[in-house]
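See below for the structure under consideration.
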Amino acid sequence: MRKVEAARAALNAVNPEVEIIEVAARVEGDQIEKLISKNDVVLDCTDNFATRHALNRSCVRQRKPLVSGAAMRFDGQLAVFDLTKKNSPCYACLFPEDAEVEEVQCSVMGVFAPLTGVVGALQAMEAIKLLAGVGNSMNGRLLLLDAKGADWRSVKVAKDPGCKVCSP
């Protein structure tokens with residue numbers, strides 16, 4: 001069974017009234033814009049910088065909050081970019097598009113399976129808070145988790161006035 005089918009079946013078992021639209025293909029270009037336009041919050045659960053930056057650009061253009069999560073080996077991270085707020089940083093403020101990065105994927109490097117559940121649960125929590133307008137979102141902060149030592153660290157992320165994506 002494909003992941004999208006398994007996810008739909010599991011979610012519908014918990015709540016059959018939820019409408020789930022499966023997208024079992026690489027999403028690019030105008031399709032990203034269309035999908036994001038239909039949603040109030042975007043959760044980035046991707047495993048590559050090209051897709052993350054494409055999602056970010058679209059969220060900036062459409063002023064949609066982006067909840068970004070990642071896990072690699074024993075390291076997890078979570079960041080919220082509430083792009084409905086004028087002074088919010090975007091993903092590119094933290095990870096510039098033109099920066100040289102080594103693209104490593106969990107399919108090659110591995111990932112501590114429970115860590116993906118922790119990061120996913122945190123993403124869901126932040127998305128619900130944004131949708132319900134309750135509590136304080138993690139907007140403008142990067143949460144880092146070292147699962148080996150169960151150590152958490154939070155780093156403030158400021159809007160980059162020279163950001164090529166979100167600055168005028």
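FYI, nothing fancy with the structure tokens labels: chains A, B, ... in order, residues from 1 per chain, ligands from 1 as they appear.
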Problem - Expected answer as a PyMOL selection string: alpha helix (DSSP H) residues in chain A - result: chain A and resi 3-14+29-37+49-62+91-94+106-109+113-132
Chain A: which residues are strand (DSSP E or B) by DSSP, as a compact mmCIF listing (two decimals) with N, CA and C atoms, in the first residue's frame?
# COMPACT_ATOMS: atom_id res chain seq x y z
N VAL A 42 0.23 25.37 6.21
CA VAL A 42 0.99 24.38 5.45
C VAL A 42 1.99 23.71 6.39
N LEU A 43 1.99 22.39 6.39
CA LEU A 43 2.97 21.62 7.16
C LEU A 43 3.99 21.05 6.18
N ASP A 44 5.24 21.42 6.36
CA ASP A 44 6.32 20.93 5.51
C ASP A 44 6.93 19.71 6.17
N LEU A 66 3.58 28.60 7.67
CA LEU A 66 4.32 27.39 7.31
C LEU A 66 4.91 26.78 8.58
N VAL A 67 4.59 25.52 8.83
CA VAL A 67 5.12 24.79 9.99
C VAL A 67 6.08 23.75 9.43
N SER A 68 7.35 23.96 9.68
CA SER A 68 8.39 23.13 9.09
C SER A 68 8.96 22.16 10.11
N GLY A 69 9.03 20.89 9.73
CA GLY A 69 9.61 19.88 10.60
C GLY A 69 10.59 19.02 9.84
N ALA A 70 11.62 18.56 10.54
CA ALA A 70 12.62 17.70 9.91
C ALA A 70 13.22 16.77 10.96
N ALA A 71 13.67 15.61 10.49
CA ALA A 71 14.34 14.65 11.35
C ALA A 71 15.41 13.93 10.55
N MET A 72 16.58 13.81 11.14
CA MET A 72 17.70 13.12 10.50
C MET A 72 18.53 12.48 11.60
N ARG A 73 18.82 11.21 11.43
CA ARG A 73 19.54 10.45 12.45
C ARG A 73 18.82 10.61 13.80
N ASP A 75 18.55 13.77 15.26
CA ASP A 75 18.33 15.21 15.39
C ASP A 75 17.00 15.60 14.75
N GLY A 76 16.21 16.35 15.50
CA GLY A 76 14.93 16.84 15.00
C GLY A 76 14.88 18.35 15.09
N GLN A 77 14.07 18.95 14.24
CA GLN A 77 13.88 20.40 14.32
C GLN A 77 12.46 20.76 13.92
N LEU A 78 12.03 21.87 14.47
CA LEU A 78 10.70 22.40 14.19
C LEU A 78 10.79 23.92 14.16
N ALA A 79 10.15 24.53 13.18
CA ALA A 79 10.10 25.98 13.09
C ALA A 79 8.74 26.39 12.54
N VAL A 80 8.26 27.54 13.01
CA VAL A 80 7.00 28.09 12.52
C VAL A 80 7.29 29.44 11.90
N PHE A 81 6.77 29.64 10.70
CA PHE A 81 6.90 30.90 9.99
C PHE A 81 5.48 31.39 9.71
N VAL A 111 17.05 7.56 10.14
CA VAL A 111 16.38 8.42 11.11
C VAL A 111 15.85 7.54 12.23
N ASN A 139 6.28 30.94 16.19
CA ASN A 139 6.69 31.82 15.11
C ASN A 139 8.00 32.51 15.47
N ARG A 141 10.91 31.05 15.89
CA ARG A 141 11.81 30.24 16.70
C ARG A 141 12.08 28.91 16.01
N LEU A 142 13.29 28.41 16.21
CA LEU A 142 13.69 27.10 15.73
C LEU A 142 13.91 26.23 16.96
N LEU A 143 13.17 25.14 17.05
CA LEU A 143 13.30 24.20 18.15
C LEU A 143 14.15 23.03 17.68
N LEU A 144 15.23 22.75 18.40
CA LEU A 144 16.14 21.67 18.04
C LEU A 144 16.07 20.58 19.10
N LEU A 145 16.01 19.34 18.67
CA LEU A 145 15.94 18.21 19.59
C LEU A 145 17.06 17.24 19.29
N ASP A 146 17.87 16.96 20.29
CA ASP A 146 18.87 15.91 20.22
C ASP A 146 18.26 14.71 20.94
N ASP A 151 17.80 16.33 24.72
CA ASP A 151 18.09 17.75 24.95
C ASP A 151 17.34 18.61 23.95
N TRP A 152 16.68 19.65 24.46
CA TRP A 152 15.93 20.60 23.64
C TRP A 152 16.64 21.94 23.68
N ARG A 153 16.63 22.62 22.55
CA ARG A 153 17.20 23.96 22.49
C ARG A 153 16.32 24.80 21.57
N SER A 154 16.09 26.03 21.95
CA SER A 154 15.27 26.93 21.15
C SER A 154 16.12 28.13 20.73
N VAL A 155 16.04 28.48 19.45
CA VAL A 155 16.82 29.57 18.90
C VAL A 155 15.87 30.56 18.25
N LYS A 156 16.02 31.85 18.56
CA LYS A 156 15.19 32.86 17.91
C LYS A 156 15.68 33.07 16.47
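Atom CA of A:Ala9 to atom CA of A:Ala24 spans 14.3 Å [interatomic distance, one decimal].
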Exercise for the section: Name all residues at most 12 Å from A:Glu5 (count only C-alpha atoms; drop same-chain ones fewer than 6 positions away) and give them as an MDAnalysis selection string. Expected result: chainID A and resid 11:12 20:24
Practice task
Pick out the residues sitting within 9 Å of A:Gly120, and hand them over as a ChimeraX atom specification; count only C-alpha atoms, and ignore anything fewer than 4 positions along from it in its own chain.
Solution key: /A:45,69-70,115-116,124-125
Keeping N, CA, C and O atoms for every residue in the selection just given, could you write it to a file as an mmCIF file, in the first residue's frame?
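File out.cif, as written:
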data_model
loop_
_atom_site.group_PDB
_atom_site.id
_atom_site.type_symbol
_atom_site.label_atom_id
_atom_site.label_comp_id
_atom_site.auth_asym_id
_atom_site.auth_seq_id
_atom_site.Cartn_x
_atom_site.Cartn_y
_atom_site.Cartn_z
ATOM 1 N N CYS A 45 6.700 18.559 5.574
ATOM 2 C CA CYS A 45 7.245 17.290 6.071
ATOM 3 C C CYS A 45 8.138 16.673 5.002
ATOM 4 O O CYS A 45 8.318 15.459 4.953
ATOM 5 N N GLY A 69 9.032 20.892 9.726
ATOM 6 C CA GLY A 69 9.607 19.880 10.601
ATOM 7 C C GLY A 69 10.590 19.019 9.841
ATOM 8 O O GLY A 69 10.435 18.787 8.642
ATOM 9 N N ALA A 70 11.618 18.557 10.543
ATOM 10 C CA ALA A 70 12.620 17.702 9.908
ATOM 11 C C ALA A 70 13.223 16.773 10.957
ATOM 12 O O ALA A 70 13.286 17.111 12.142
ATOM 13 N N LEU A 115 11.557 9.658 16.588
ATOM 14 C CA LEU A 115 11.785 11.089 16.421
ATOM 15 C C LEU A 115 10.819 11.692 15.397
ATOM 16 O O LEU A 115 10.328 12.803 15.584
ATOM 17 N N THR A 116 10.508 10.944 14.344
ATOM 18 C CA THR A 116 9.566 11.470 13.351
ATOM 19 C C THR A 116 8.188 11.661 13.967
ATOM 20 O O THR A 116 7.480 12.604 13.626
ATOM 21 N N ALA A 124 1.746 19.152 14.333
ATOM 22 C CA ALA A 124 0.285 19.148 14.465
ATOM 23 C C ALA A 124 -0.155 20.112 15.560
ATOM 24 O O ALA A 124 -1.118 20.872 15.383
ATOM 25 N N MET A 125 0.551 20.102 16.682
ATOM 26 C CA MET A 125 0.221 21.003 17.793
ATOM 27 C C MET A 125 0.307 22.463 17.352
ATOM 28 O O MET A 125 -0.602 23.257 17.606
#
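Residues within 10 Å of A:Lys86, counting only C-alpha atoms and excluding same-chain residues fewer than 2 positions away, are Arg63, Asp82, Leu83, Thr84, Ser88, Pro89, Lys159, Cys166 and Ser167 of chain A.
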Include C-alpha atoms and write out the residues we just selected as a short mmCIF file (atom, residue, chain, number, x, y, z; two decimals), in the first residue's frame.
data_model
loop_
_atom_site.label_atom_id
_atom_site.label_comp_id
_atom_site.auth_asym_id
_atom_site.auth_seq_id
_atom_site.Cartn_x
_atom_site.Cartn_y
_atom_site.Cartn_z
CA ARG A 63 0.78 34.84 3.22
CA ASP A 82 3.59 32.74 10.45
CA LEU A 83 3.63 34.63 7.18
CA THR A 84 0.31 36.30 7.97
CA SER A 88 7.69 37.11 10.54
CA PRO A 89 10.81 35.49 9.15
CA LYS A 159 13.41 38.32 9.69
CA CYS A 166 10.29 37.75 1.89
CA SER A 167 11.97 41.16 2.08
#
Exercise for the section: For A:Asp98, work out the shell of residues within 12 Å, counting only C-alpha atoms and skipping chain neighbours fewer than 3 positions away, then give it as a ChimeraX atom specification. Expected result: /A:49-50,53,92-95,101,163-165
Go ahead and save the picked residues with C-alpha atoms, as a compact mmCIF listing (two decimals), in the first residue's frame.
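Written file, result_10.txt:
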# COMPACT_ATOMS: atom_id res chain seq x y z
CA PHE A 49 15.66 21.69 0.29
CA ALA A 50 14.30 22.29 -3.22
CA HIS A 53 12.10 26.36 -0.61
CA ALA A 92 14.76 31.36 3.57
CA CYS A 93 15.64 33.82 6.36
CA LEU A 94 16.90 30.80 8.29
CA PHE A 95 18.17 28.69 5.38
CA VAL A 101 24.22 22.98 1.83
CA CYS A 163 16.10 37.93 2.39
CA LYS A 164 15.57 37.39 -1.33
CA VAL A 165 12.19 35.73 -0.71
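With only C-alpha atoms taken into account, the protein and nucleic acid residues at most 9 Å from A:Ala54 (excluding it and anything under 5 positions from it in its own chain) are Glu28, Gly29, Ile32, Phe49 and Cys59 of chain A.
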May I have the selected residues written with N, CA, C and O atoms, as a compact mmCIF listing (two decimals), in the first residue's frame?
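That gives us again.txt:
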# COMPACT_ATOMS: atom_id res chain seq x y z
N GLU A 28 4.95 20.19 -8.05
CA GLU A 28 5.86 21.24 -8.52
C GLU A 28 5.08 22.41 -9.09
O GLU A 28 3.90 22.30 -9.42
N GLY A 29 5.76 23.55 -9.21
CA GLY A 29 5.27 24.72 -9.92
C GLY A 29 3.89 25.18 -9.52
O GLY A 29 3.59 25.38 -8.35
N ILE A 32 1.84 23.47 -6.72
CA ILE A 32 2.11 23.88 -5.33
C ILE A 32 1.25 25.08 -4.98
O ILE A 32 0.62 25.12 -3.91
N PHE A 49 15.69 20.23 0.24
CA PHE A 49 15.66 21.69 0.29
C PHE A 49 14.92 22.31 -0.89
O PHE A 49 14.27 23.34 -0.74
N CYS A 59 4.18 30.02 0.20
CA CYS A 59 3.58 30.51 1.45
C CYS A 59 3.82 32.00 1.62
O CYS A 59 2.92 32.72 2.07
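Relative to atom CA of A:Met109, atom CA of A:Arg26 is found at 21.5 Å.
Picture a line from atom CA of A:Phe74 to atom CA of A:Phe112; it runs 5.6 Å.
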